[in-house]
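Chemist: Data file run-v6.txt (compact mmCIF, C-alpha atoms) is appended below.
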# COMPACT_ATOMS: atom_id res chain seq x y z
CA MET S 196 10.01 11.86 -18.44
CA GLY S 197 11.73 15.10 -19.20
CA GLU S 198 12.69 17.73 -16.68
CA ARG S 199 10.38 20.53 -15.81
CA GLY S 200 11.72 24.02 -15.39
CA GLY S 201 12.00 25.32 -11.87
CA PRO S 202 9.85 28.30 -10.86
CA THR S 203 11.33 31.58 -9.76
CA GLN S 204 11.42 31.69 -5.99
CA ASP S 205 10.97 34.56 -3.56
CA VAL S 206 14.51 35.67 -2.71
CA SER S 207 13.55 35.85 0.97
CA GLN S 208 13.13 32.08 1.11
CA PRO S 209 15.36 29.15 0.14
CA ALA S 210 15.13 28.33 -3.55
CA ILE S 211 14.06 24.83 -4.41
CA PRO S 212 14.67 23.49 -7.93
CA LYS S 213 11.94 21.53 -9.64
CA ALA S 214 13.52 18.59 -11.39
CA ASP S 215 13.33 14.91 -12.08
CA ARG S 216 16.01 14.02 -9.53
CA PRO S 217 16.30 13.14 -5.85
CA PRO S 218 15.43 15.96 -3.43
CA THR S 219 18.89 16.09 -1.87
CA HIS S 220 20.77 16.36 -5.16
CA SER S 221 21.64 20.03 -4.73
CA LEU S 222 19.84 21.10 -1.58
CA GLY S 223 22.10 19.66 1.09
CA VAL S 224 20.80 20.08 4.63
CA THR S 225 17.96 22.34 3.45
CA GLY S 226 16.69 19.61 1.13
CA LEU S 227 16.78 17.05 3.90
CA LEU S 228 14.89 19.41 6.19
CA VAL S 229 12.20 20.11 3.59
CA THR S 230 11.85 16.37 3.02
CA PHE S 231 11.50 15.85 6.77
CA ILE S 232 8.84 18.58 7.01
CA LEU S 233 6.83 17.09 4.15
CA GLY S 234 7.09 13.71 5.85
CA GLY S 235 5.80 15.26 9.06
CA LEU S 236 2.85 16.78 7.23
CA ALA S 237 2.09 13.45 5.57
CA ALA S 238 2.26 11.87 9.03
CA THR S 239 -0.61 14.00 10.34
CA PRO S 240 -3.34 11.41 9.55
CA PRO S 241 -1.58 8.42 11.18
CA LEU S 242 -0.69 10.57 14.18
CA ALA S 243 -4.28 11.74 14.60
CA MET S 244 -5.65 8.22 14.08
CA ASP S 245 -3.13 5.68 15.32
CA MET S 246 -1.99 7.21 18.60
CA TYR S 247 -5.64 7.19 19.64
CA LEU S 248 -6.38 3.58 18.64
CA PRO S 249 -5.24 1.77 21.82
CA ALA S 250 -7.55 4.06 23.81
CA LEU S 251 -10.74 3.24 21.89
CA PRO S 252 -11.95 0.54 24.33
CA GLU S 253 -11.20 2.89 27.25
CA VAL S 254 -13.17 5.72 25.65
CA THR S 255 -16.26 3.51 25.46
CA GLY S 256 -16.17 3.11 29.24
CA SER S 257 -15.09 6.65 30.09
CA LEU S 258 -17.82 8.34 28.05
CA HIS S 259 -20.39 5.54 28.57
CA ALA S 260 -20.85 5.07 24.83
CA PRO S 261 -21.17 1.94 22.68
CA ALA S 262 -18.26 0.87 20.49
CA ALA S 263 -20.11 1.77 17.27
CA THR S 264 -20.58 5.35 18.51
CA VAL S 265 -16.96 5.66 19.58
CA GLN S 266 -15.88 4.47 16.14
CA LEU S 267 -17.74 7.50 14.78
CA THR S 268 -14.96 9.62 16.27
CA LEU S 269 -12.69 8.03 13.67
CA THR S 270 -15.29 8.49 10.94
CA ALA S 271 -15.77 12.17 11.84
CA CYS S 272 -12.03 12.88 11.69
CA LEU S 273 -11.74 11.04 8.40
CA ALA S 274 -14.75 12.79 6.87
CA GLY S 275 -13.36 16.14 7.99
CA MET S 276 -10.05 15.40 6.31
CA ALA S 277 -11.93 14.42 3.15
CA PHE S 278 -14.06 17.56 2.80
CA GLY S 279 -11.31 19.83 4.09
CA GLN S 280 -9.07 18.84 1.21
CA LEU S 281 -11.69 19.97 -1.31
CA VAL S 282 -11.46 23.43 0.19
CA VAL S 283 -7.76 23.70 0.97
CA GLY S 284 -6.52 22.17 -2.30
CA PRO S 285 -7.98 24.89 -4.58
CA MET S 286 -7.06 27.55 -2.00
CA SER S 287 -3.43 26.49 -2.24
CA ASP S 288 -3.57 26.75 -6.05
CA ARG S 289 -4.82 30.34 -5.70
CA TRP S 290 -2.90 31.74 -2.72
CA GLY S 291 0.16 29.51 -2.58
CA ARG S 292 1.03 26.67 -0.25
CA ARG S 293 2.28 28.37 2.90
CA ARG S 294 -0.66 30.51 4.03
CA PRO S 295 -3.40 27.85 3.81
CA LEU S 296 -1.06 25.33 5.41
CA LEU S 297 -0.21 27.51 8.39
CA ALA S 298 -3.84 28.48 8.94
CA GLY S 299 -4.89 24.85 8.85
CA LEU S 300 -2.21 23.80 11.34
CA VAL S 301 -3.24 26.49 13.83
CA VAL S 302 -6.89 25.37 13.75
CA TYR S 303 -5.77 21.73 13.94
CA VAL S 304 -3.88 22.43 17.17
CA MET S 305 -6.90 24.18 18.70
CA ALA S 306 -9.31 21.38 17.74
CA THR S 307 -6.96 18.71 19.09
CA ALA S 308 -6.72 20.51 22.42
CA LEU S 309 -10.53 20.62 22.59
CA CYS S 310 -10.67 16.86 22.01
CA ALA S 311 -8.76 16.40 25.27
CA LEU S 312 -11.51 18.36 27.07
CA ALA S 313 -14.54 16.71 25.46
CA PRO S 314 -17.17 15.95 28.16
CA THR S 315 -19.30 13.59 26.04
CA VAL S 316 -18.86 11.39 23.01
CA GLU S 317 -21.00 13.82 20.98
CA PHE S 318 -18.59 16.66 21.72
CA LEU S 319 -15.65 14.38 20.92
CA VAL S 320 -17.17 13.52 17.54
CA ALA S 321 -17.67 17.23 16.80
CA PHE S 322 -14.13 18.18 17.83
CA ARG S 323 -12.69 15.28 15.83
CA LEU S 324 -14.58 16.58 12.79
CA ALA S 325 -12.99 20.00 13.26
CA GLN S 326 -9.61 18.36 13.77
CA GLY S 327 -9.98 16.52 10.48
CA LEU S 328 -11.16 19.59 8.57
CA ALA S 329 -8.11 21.56 9.68
CA GLY S 330 -5.66 18.67 9.41
CA ALA S 331 -6.62 18.27 5.76
CA ALA S 332 -4.32 21.19 4.96
CA ALA S 333 -1.26 19.14 5.91
CA ILE S 334 -2.24 16.20 3.73
CA VAL S 335 -3.29 17.96 0.55
CA ILE S 336 -0.55 20.59 0.55
CA ALA S 337 2.22 18.06 1.22
CA ARG S 338 1.23 16.21 -1.98
CA ALA S 339 0.87 19.48 -3.90
CA VAL S 340 4.36 20.58 -2.85
CA VAL S 341 5.78 17.28 -4.11
CA ARG S 342 4.03 17.89 -7.44
CA ASP S 343 5.47 21.43 -7.51
CA LEU S 344 9.00 20.10 -7.11
CA TYR S 345 9.14 16.78 -8.95
CA ASP S 346 7.94 14.95 -12.02
CA GLY S 347 8.08 11.46 -13.50
CA LEU S 348 10.14 8.80 -11.76
CA ALA S 349 11.49 11.27 -9.21
CA MET S 350 7.96 11.94 -8.00
CA ALA S 351 7.23 8.24 -7.63
CA ARG S 352 10.48 7.77 -5.70
CA PHE S 353 9.76 10.75 -3.49
CA PHE S 354 6.34 9.41 -2.57
CA SER S 355 8.07 6.23 -1.43
CA THR S 356 10.50 8.36 0.58
CA LEU S 357 7.56 10.15 2.19
CA MET S 358 6.15 6.75 3.06
CA LEU S 359 9.40 5.93 4.88
CA ILE S 360 9.32 9.19 6.86
CA SER S 361 5.60 9.31 7.54
CA GLY S 362 5.66 5.56 8.13
CA VAL S 363 7.53 6.17 11.35
CA ALA S 364 4.33 7.74 12.69
CA PRO S 365 2.10 4.65 12.54
CA ILE S 366 4.96 2.57 13.95
CA ILE S 367 5.57 4.70 17.01
CA ALA S 368 2.14 6.33 17.44
CA PRO S 369 0.29 3.29 18.86
CA LEU S 370 3.35 2.43 20.94
CA ILE S 371 3.35 5.94 22.37
CA GLY S 372 -0.40 5.78 22.83
CA GLY S 373 -0.12 2.50 24.72
CA GLN S 374 2.58 3.91 26.98
CA ILE S 375 0.59 7.11 27.58
CA LEU S 376 -2.30 4.95 28.78
CA ARG S 377 0.00 3.50 31.43
CA VAL S 378 0.33 6.88 33.15
CA THR S 379 -2.85 8.71 32.19
CA ASP S 380 -6.14 8.23 30.36
CA TRP S 381 -7.17 8.74 26.73
CA ARG S 382 -7.27 12.52 27.17
CA GLY S 383 -3.52 12.53 27.63
CA VAL S 384 -3.18 11.14 24.11
CA PHE S 385 -4.76 14.31 22.70
CA VAL S 386 -2.51 16.47 24.88
CA VAL S 387 0.53 14.84 23.26
CA LEU S 388 -1.03 15.30 19.79
CA THR S 389 -1.53 18.98 20.58
CA VAL S 390 2.14 19.42 21.45
CA VAL S 391 3.20 17.62 18.25
CA GLY S 392 0.92 19.91 16.23
CA VAL S 393 2.45 23.01 17.78
CA LEU S 394 5.98 21.82 16.96
CA LEU S 395 5.07 20.99 13.37
CA ALA S 396 3.40 24.38 12.84
CA ALA S 397 6.50 26.15 14.18
CA LEU S 398 8.75 24.14 11.88
CA VAL S 399 6.61 24.95 8.83
CA TRP S 400 6.59 28.64 9.77
CA ARG S 401 10.37 28.82 10.05
CA ARG S 402 11.65 26.39 7.44
CA LEU S 403 9.19 25.48 4.67
CA PRO S 404 9.48 27.87 1.70
CA GLU S 405 6.75 28.73 -0.79
CA THR S 406 6.91 26.32 -3.77
CA LEU S 407 4.19 27.85 -5.97
CA PRO S 408 5.29 31.23 -7.39
CA PRO S 409 2.64 33.92 -8.07
CA GLU S 410 2.83 33.53 -11.85
CA GLU S 411 1.73 29.89 -11.59
CA ARG S 412 -1.22 30.49 -9.28
CA HIS S 413 -4.86 30.47 -10.35
CA SER S 414 -6.66 33.79 -10.03
CA GLY S 415 -10.18 32.36 -10.34
CA GLY S 416 -12.55 31.53 -7.52
CA VAL S 417 -14.75 28.57 -6.69
CA GLY S 418 -16.06 28.28 -10.24
CA GLU S 419 -12.59 27.83 -11.70
CA ALA S 420 -11.69 25.31 -9.02
CA LEU S 421 -14.79 23.27 -9.79
CA ARG S 422 -14.05 23.40 -13.51
CA ALA S 423 -10.50 22.21 -12.86
CA MET S 424 -11.77 19.29 -10.78
CA ARG S 425 -14.37 18.41 -13.39
CA GLY S 426 -11.67 18.36 -16.03
CA LEU S 427 -9.51 16.08 -13.90
CA LEU S 428 -12.37 13.65 -13.29
CA ALA S 429 -13.14 13.62 -17.01
CA ASP S 430 -9.68 12.11 -17.56
CA ARG S 431 -10.56 8.42 -17.32
CA PRO S 432 -7.16 7.09 -16.17
CA PHE S 433 -6.91 9.82 -13.51
CA ALA S 434 -10.36 8.84 -12.24
CA GLY S 435 -9.35 5.18 -12.30
CA TYR S 436 -6.19 5.68 -10.29
CA THR S 437 -8.06 7.94 -7.86
CA LEU S 438 -10.84 5.42 -7.25
CA ALA S 439 -8.41 2.51 -7.03
CA GLY S 440 -6.40 4.37 -4.40
CA GLY S 441 -9.57 5.35 -2.56
CA PHE S 442 -10.90 1.82 -2.25
CA ALA S 443 -7.47 0.48 -1.34
CA PHE S 444 -7.41 3.06 1.43
CA ALA S 445 -10.85 1.82 2.53
CA ALA S 446 -9.37 -1.65 3.04
CA LEU S 447 -6.58 -0.06 5.07
CA PHE S 448 -8.97 2.01 7.15
CA ALA S 449 -11.21 -1.00 7.83
CA TYR S 450 -8.14 -2.46 9.53
CA ILE S 451 -7.47 0.77 11.42
CA ALA S 452 -11.05 1.08 12.70
CA ALA S 453 -11.65 -2.59 13.57
CA SER S 454 -8.27 -3.94 14.67
CA PRO S 455 -8.32 -2.44 18.21
CA PHE S 456 -11.48 -4.40 18.96
CA VAL S 457 -10.52 -7.50 16.95
CA ILE S 458 -7.08 -7.80 18.54
CA GLN S 459 -7.97 -6.71 22.07
CA GLU S 460 -11.59 -7.76 22.56
CA ILE S 461 -11.80 -10.95 20.46
CA TYR S 462 -8.25 -12.27 20.90
CA GLY S 463 -7.62 -10.82 24.37
CA ALA S 464 -4.44 -8.87 23.64
CA SER S 465 -3.39 -5.97 25.86
CA PRO S 466 -3.16 -2.38 24.54
CA GLN S 467 0.63 -2.75 24.54
CA THR S 468 0.49 -5.99 22.51
CA PHE S 469 -1.89 -4.37 20.06
CA SER S 470 0.48 -1.42 19.75
CA LEU S 471 3.41 -3.75 19.02
CA LEU S 472 1.45 -5.64 16.36
CA PHE S 473 0.29 -2.39 14.80
CA GLY S 474 3.85 -1.13 14.73
CA LEU S 475 5.07 -4.38 13.14
CA ASN S 476 2.46 -4.05 10.40
CA SER S 477 3.57 -0.49 9.78
CA VAL S 478 7.17 -1.69 9.47
CA GLY S 479 6.01 -4.06 6.75
CA LEU S 480 4.24 -1.24 4.92
CA VAL S 481 7.28 1.03 5.12
CA ALA S 482 9.73 -1.72 4.09
CA VAL S 483 7.71 -2.67 1.02
CA GLY S 484 7.30 1.01 0.19
CA GLN S 485 11.08 1.37 0.16
CA ILE S 486 11.44 -1.67 -2.08
CA ASN S 487 8.97 0.02 -4.38
CA GLY S 488 10.89 3.30 -4.47
CA LYS S 489 14.45 1.98 -4.49
CA VAL S 490 14.11 -1.20 -6.55
CA LEU S 491 10.91 -1.35 -8.59
CA VAL S 492 10.44 2.25 -9.77
CA GLY S 493 12.20 2.67 -13.09
CA ARG S 494 12.63 -1.07 -13.60
CA VAL S 495 9.07 -2.38 -13.56
CA SER S 496 5.91 -0.70 -14.87
CA LEU S 497 4.08 1.00 -12.01
CA ASP S 498 0.84 -0.39 -13.42
CA ARG S 499 2.17 -3.92 -13.08
CA VAL S 500 3.36 -3.29 -9.54
CA LEU S 501 -0.06 -1.86 -8.68
CA VAL S 502 -1.81 -4.99 -9.97
CA VAL S 503 0.43 -7.19 -7.82
CA GLY S 504 -0.25 -5.06 -4.75
CA LEU S 505 -4.02 -5.23 -5.20
CA ALA S 506 -3.87 -8.99 -5.81
CA VAL S 507 -1.96 -9.54 -2.56
CA VAL S 508 -4.49 -7.43 -0.64
CA ILE S 509 -7.32 -9.55 -2.10
CA LEU S 510 -5.59 -12.79 -1.11
CA ALA S 511 -4.89 -11.58 2.44
CA ALA S 512 -8.45 -10.32 2.90
CA THR S 513 -9.81 -13.64 1.62
CA ALA S 514 -7.68 -15.52 4.15
CA LEU S 515 -8.94 -13.25 6.96
CA LEU S 516 -12.55 -13.83 5.93
CA LEU S 517 -12.12 -17.61 5.86
CA MET S 518 -10.49 -17.58 9.30
CA SER S 519 -13.20 -15.31 10.69
CA LEU S 520 -15.91 -17.65 9.39
CA GLY S 521 -14.24 -20.61 11.07
CA VAL S 522 -13.43 -22.46 7.86
CA PHE S 523 -10.06 -23.48 9.32
CA GLY S 524 -11.49 -24.19 12.75
CA GLU S 525 -10.49 -22.24 15.85
CA VAL S 526 -7.53 -20.03 15.00
CA GLY S 527 -5.50 -17.93 17.39
CA LEU S 528 -4.03 -14.49 17.16
CA VAL S 529 -0.89 -15.47 15.22
CA PRO S 530 -2.56 -16.52 11.92
CA VAL S 531 -4.83 -13.46 11.98
CA ALA S 532 -1.89 -11.16 12.73
CA ALA S 533 0.10 -12.76 9.88
CA ALA S 534 -2.71 -12.12 7.37
CA LEU S 535 -3.03 -8.52 8.55
CA PHE S 536 0.73 -8.09 8.19
CA VAL S 537 0.61 -9.27 4.57
CA LEU S 538 -2.34 -6.99 3.80
CA MET S 539 -0.68 -3.95 5.35
CA SER S 540 2.65 -4.64 3.66
CA ALA S 541 0.96 -4.75 0.25
CA MET S 542 -0.26 -1.21 0.85
CA GLY S 543 3.38 -0.14 0.54
CA ILE S 544 3.24 -0.68 -3.22
CA THR S 545 -0.45 0.10 -3.71
CA LEU S 546 -0.99 3.54 -2.17
CA PRO S 547 2.14 5.45 -3.33
CA ASN S 548 1.81 4.17 -6.89
CA THR S 549 -1.84 5.17 -7.26
CA GLN S 550 -0.91 8.67 -6.08
CA ALA S 551 2.13 8.96 -8.34
CA LEU S 552 0.31 7.62 -11.41
CA ALA S 553 -2.63 9.96 -10.84
CA LEU S 554 -0.55 13.09 -10.20
CA GLN S 555 1.62 12.41 -13.25
CA ARG S 556 -1.48 13.17 -15.30
CA THR S 557 -1.83 16.73 -14.01
CA LYS S 558 0.71 19.37 -14.87
CA HIS S 559 -1.34 22.25 -13.48
CA ALA S 560 -3.77 22.53 -10.56
CA ALA S 561 -1.76 20.15 -8.40
CA GLY S 562 -3.66 21.34 -5.34
CA SER S 563 -7.03 20.45 -6.86
CA ALA S 564 -5.72 17.09 -8.07
CA SER S 565 -4.27 16.33 -4.65
CA ALA S 566 -7.59 17.33 -3.07
CA LEU S 567 -9.52 14.90 -5.28
CA LEU S 568 -7.08 12.11 -4.43
CA GLY S 569 -7.33 12.73 -0.72
CA THR S 570 -11.06 13.39 -0.62
CA SER S 571 -11.95 10.20 -2.45
CA SER S 572 -9.70 8.16 -0.15
CA PHE S 573 -10.98 9.68 3.06
CA LEU S 574 -14.65 9.67 2.05
CA ILE S 575 -14.56 6.03 1.03
CA GLY S 576 -12.62 5.23 4.20
CA ALA S 577 -15.18 7.12 6.29
CA VAL S 578 -17.94 4.95 4.83
CA ALA S 579 -15.94 1.80 5.61
CA SER S 580 -15.41 2.73 9.27
CA PRO S 581 -18.93 2.16 10.65
CA LEU S 582 -19.42 -0.93 8.49
CA VAL S 583 -16.71 -2.85 10.32
CA GLY S 584 -18.65 -2.59 13.58
CA ILE S 585 -22.08 -3.38 12.17
CA ALA S 586 -22.16 -6.87 13.73
CA GLY S 587 -20.81 -5.83 17.12
CA GLU S 588 -17.46 -6.34 18.84
CA ASP S 589 -17.41 -10.13 18.92
CA THR S 590 -16.66 -10.98 15.28
CA ALA S 591 -14.01 -10.02 12.71
CA VAL S 592 -16.20 -10.99 9.74
CA PRO S 593 -17.34 -7.42 8.90
CA MET S 594 -13.74 -6.19 8.82
CA ALA S 595 -12.68 -8.96 6.44
CA VAL S 596 -15.76 -8.49 4.23
CA VAL S 597 -15.16 -4.74 3.91
CA GLN S 598 -11.47 -5.28 3.13
CA LEU S 599 -12.16 -7.90 0.47
CA ALA S 600 -14.97 -5.94 -1.17
CA ALA S 601 -12.92 -2.73 -1.21
CA ALA S 602 -9.89 -4.45 -2.76
CA LEU S 603 -12.02 -6.08 -5.45
CA VAL S 604 -13.66 -2.76 -6.35
CA ALA S 605 -10.22 -1.09 -6.43
CA LEU S 606 -8.97 -3.68 -8.90
CA ALA S 607 -12.11 -3.32 -11.03
CA CYS S 608 -11.74 0.48 -11.17
CA PHE S 609 -8.10 0.22 -12.12
CA MET S 610 -8.60 -2.37 -14.85
CA GLY S 611 -11.82 -0.83 -16.20
CA LEU S 612 -10.83 2.84 -16.26
CA CYS S 613 -7.04 2.90 -16.53
CA ARG S 614 -6.85 0.03 -19.05
CA PRO S 615 -3.14 -0.59 -18.37
CA TRP S 616 -2.85 -2.92 -21.37
CA ASN S 617 -3.69 -0.02 -23.69
CA ARG S 618 -0.76 2.22 -24.58
CA ARG S 619 -3.07 5.07 -25.46
CA ALA S 620 -4.47 5.13 -21.93
CA ASP S 621 -1.03 6.33 -20.82
CA GLU S 622 -1.06 9.41 -23.05
CA ARG S 623 -2.08 12.89 -21.99
CA ALA S 624 -3.97 15.27 -24.26
CA ASP S 625 -0.69 17.00 -25.01
CA GLY S 626 0.69 13.75 -26.40
CA ARG S 627 3.35 12.90 -23.84
CA ALA S 628 3.48 9.62 -21.97
CA VAL S 629 2.72 9.95 -18.27
CA ALA S 630 3.32 6.50 -16.88
CA GLU S 631 6.06 3.93 -17.11
CA GLY S 632 3.28 1.49 -18.03
CA ALA S 633 3.45 2.93 -21.54
CA ASP S 634 6.57 0.86 -22.05
CA SER S 635 4.73 -2.39 -21.43
Here is the file; what I need is its structure written in the form of structure tokens.
Modeler:
Amino acid sequence: MGERGGPTQDVSQPAIPKADRPPTHSLGVTGLLVTFILGGLAATPPLAMDMYLPALPEVTGSLHAPAATVQLTLTACLAGMAFGQLVVGPMSDRWGRRRPLLAGLVVYVMATALCALAPTVEFLVAFRLAQGLAGAAAIVIARAVVRDLYDGLAMARFFSTLMLISGVAPIIAPLIGGQILRVTDWRGVFVVLTVVGVLLAALVWRRLPETLPPEERHSGGVGEALRAMRGLLADRPFAGYTLAGGFAFAALFAYIAASPFVIQEIYGASPQTFSLLFGLNSVGLVAVGQINGKVLVGRVSLDRVLVVGLAVVILAATALLLMSLGVFGEVGLVPVAAALFVLMSAMGITLPNTQALALQRTKHAAGSASALLGTSSFLIGAVASPLVGIAGEDTAVPMAVVQLAAALVALACFMGLCRPWNRRADERADGRAVAEGADS
């Protein structure tokens, strides 16, 4: 991929070059700080979700609600993040990245504080929906900023770097959540999340520059945003990568929603043991993501790597389903935890590559493209959440079924729409190749 010219920056803010090279090539400490901020923004979803996971069984007792209803608090947050991205993405294309991001972070902090005060599960669901709607700004704009700054292989590598930084969140979040539960109840988890949100908003306000100059912004309103999204969805490979990433995320979120009950209620693990296992799985995801960015990108076609990742997810989900059905007899926690570790680790090459391959197909309207990527993932994940609890708390079969079905659909979307064996599927309308898979 060739280099893209850097936009003219506001002289009142640090200038950031847009190039096909590592982010710290010429930025020094400022580049490292911007990378850290983007990682923090990308960590918003795992912070909002994972720190709260060890407390799910406690919430059912505290608010006198069934497990399926409490799981709706996850679904509400996820759905809010999905629909919020559809709004914030086009807004960031029109007004720049900073203003929508800061507004979203302020509302996110307020909604998170209200979650700590929720008197009933219905109020908690409503506040979690608001939290997700506002938190969507962090997710969609972080991806859009990466698209503003990087192209080609550098973008794929940077997404893997973001996975390393944001991957710290799912590793430490459940551990912190488990420790918080030692000294307080589930409401204290939301107090900590509120403080983290305040710190992140302050850091963005002081240190994150605008990356979309006025001359590159869209002046149109909702109609233009919808037309841009329709044009993106009409690009068959973009739609394929988007759907593949969305269904892969559904398999991941089935694990997130069901694992607290599977690990703690079925296999009798403590909240602290669950937190350790969750952190170990996140280490696997981050480690494989770094192998993807440091070793595979530029050497192996991203399409080929994506196929391998989806195949491993399918194999791990199949093993979980067979164990849940009792095909191998009575199994303990260790075999189940091993299969979940393999499944989570495979996400380290599946999720960043679907995002990079999809965003490589959009030179303009990065906010709208990022919104479509995020919305599809979170909407499909929101549908998967209640399905994992459909048979109650005493079986892991629904979780395994959802994971296997989602992975199979992801592979079908990728193969059917992206057609990685076809060189012409890797060409944009302007005639330039957009994926390393064109070399295969």
Chemist: I'd like the contact shell of Val597 in chain S - 8 Å cut-off, only C-alpha atoms, skipping same-chain residues fewer than 3 positions apart - returned as a PyMOL selection string.
Modeler: chain S and resi 445-446+449+579+582-583+593-594+600-601
Chemist: Taking 6 positions as the minimum chain separation for residues in the same chain, which residues sit within 10 Å of Ala605 in chain S when counting only C-alpha atoms? Answer as a PyMOL selection string.
Modeler: chain S and resi 435-446+502+505+509+599+611
Chemist: Could you write out the selected residues, including C-alpha atoms, as a short mmCIF file (atom, residue, chain, number, x, y, z; two decimals), in the coordinates of the input?
Modeler:
data_model
loop_
_atom_site.label_atom_id
_atom_site.label_comp_id
_atom_site.auth_asym_id
_atom_site.auth_seq_id
_atom_site.Cartn_x
_atom_site.Cartn_y
_atom_site.Cartn_z
CA GLY S 435 -9.35 5.18 -12.30
CA TYR S 436 -6.19 5.68 -10.29
CA THR S 437 -8.06 7.94 -7.86
CA LEU S 438 -10.84 5.42 -7.25
CA ALA S 439 -8.41 2.51 -7.03
CA GLY S 440 -6.40 4.37 -4.40
CA GLY S 441 -9.57 5.35 -2.56
CA PHE S 442 -10.90 1.82 -2.25
CA ALA S 443 -7.47 0.48 -1.34
CA PHE S 444 -7.41 3.06 1.43
CA ALA S 445 -10.85 1.82 2.53
CA ALA S 446 -9.37 -1.65 3.04
CA VAL S 502 -1.81 -4.99 -9.97
CA LEU S 505 -4.02 -5.23 -5.20
CA ILE S 509 -7.32 -9.55 -2.10
CA LEU S 599 -12.16 -7.90 0.47
CA GLY S 611 -11.82 -0.83 -16.20
#
Chemist: Within 12 Å of (5.3, -2.1, 17.0) (coordinates as in the file), grab all the protein and nucleic acid residues, counting only C-alpha atoms, and write them out as a PyMOL selection string.
Modeler: chain S and resi 245-246+362-374+466-479+536
Chemist: Using all atoms listed in the file, collect all residues at a distance of at most 10 Å from (1.0, 21.9, -4.0) as written in the file, then present them as a list in words.
Modeler: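 It turns out the residues near that spot are Gly284, Pro285, Ser287, Asp288, Gly291, Arg292, Arg293, Val335, Ile336, Ala337, Arg338, Ala339, Val340, Val341, Arg342, Asp343, Leu344, Glu405, Thr406, Leu407, His559, Ala560, Ala561, Gly562, Ser563, Ala564, Ser565 and Ala566 of chain S.
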Chemist: Between CA of Ile575 in chain S and CA of Leu319 in chain S, what is the spacing in Å?
Modeler: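 Interatomic distance, CA of Leu319 in chain S to CA of Ile575 in chain S: 21.6 Å.
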Chemist: So how far away is CA of Ala263 in chain S from CA of Phe456 in chain S, in Å?
Modeler: 10.7 Å
Chemist: Please determine, counting only C-alpha atoms, which residue among S:Phe573, S:Thr264, S:Val229, S:Phe609 has the shortest atom-to-atom distance to Arg401 in chain S.
Modeler: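 Checking each candidate against Arg401 in chain S, we get S:Val229 as the closest.
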Chemist: In Å, rounded to a single decimal, give me how far CA of Ala551 in chain S is from CA of Ala333 in chain S.
Modeler: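 These atoms are spaced 17.8 Å apart.
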Chemist: Write out as a VMD selection string which residues come within 9 Å of range 265-277 of chain S when counting only C-alpha atoms, dropping same-chain ones fewer than 6 positions away.
Modeler: chain S and resid 240 243 to 244 251 to 252 254 to 255 258 316 to 317 319 to 332 334 452 to 453 566 to 567 569 to 581 584
Chemist: Of the candidates S:Met305, S:Leu447, S:Ile544, S:Leu428, which shows the shortest atom-to-atom distance to Val490 in chain S, using only C-alpha atoms?
Modeler: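 When distances to Val490 in chain S are compared using only C-alpha atoms, the smallest one comes from S:Ile544.
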Chemist: Tell me which of S:Leu515, S:Leu228, S:Val526, S:Leu242 sits closest to Leu398 in chain S, counting all atoms listed in the file.
Modeler: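 Answer, going by the shortest atom-to-atom distance: S:Leu228.
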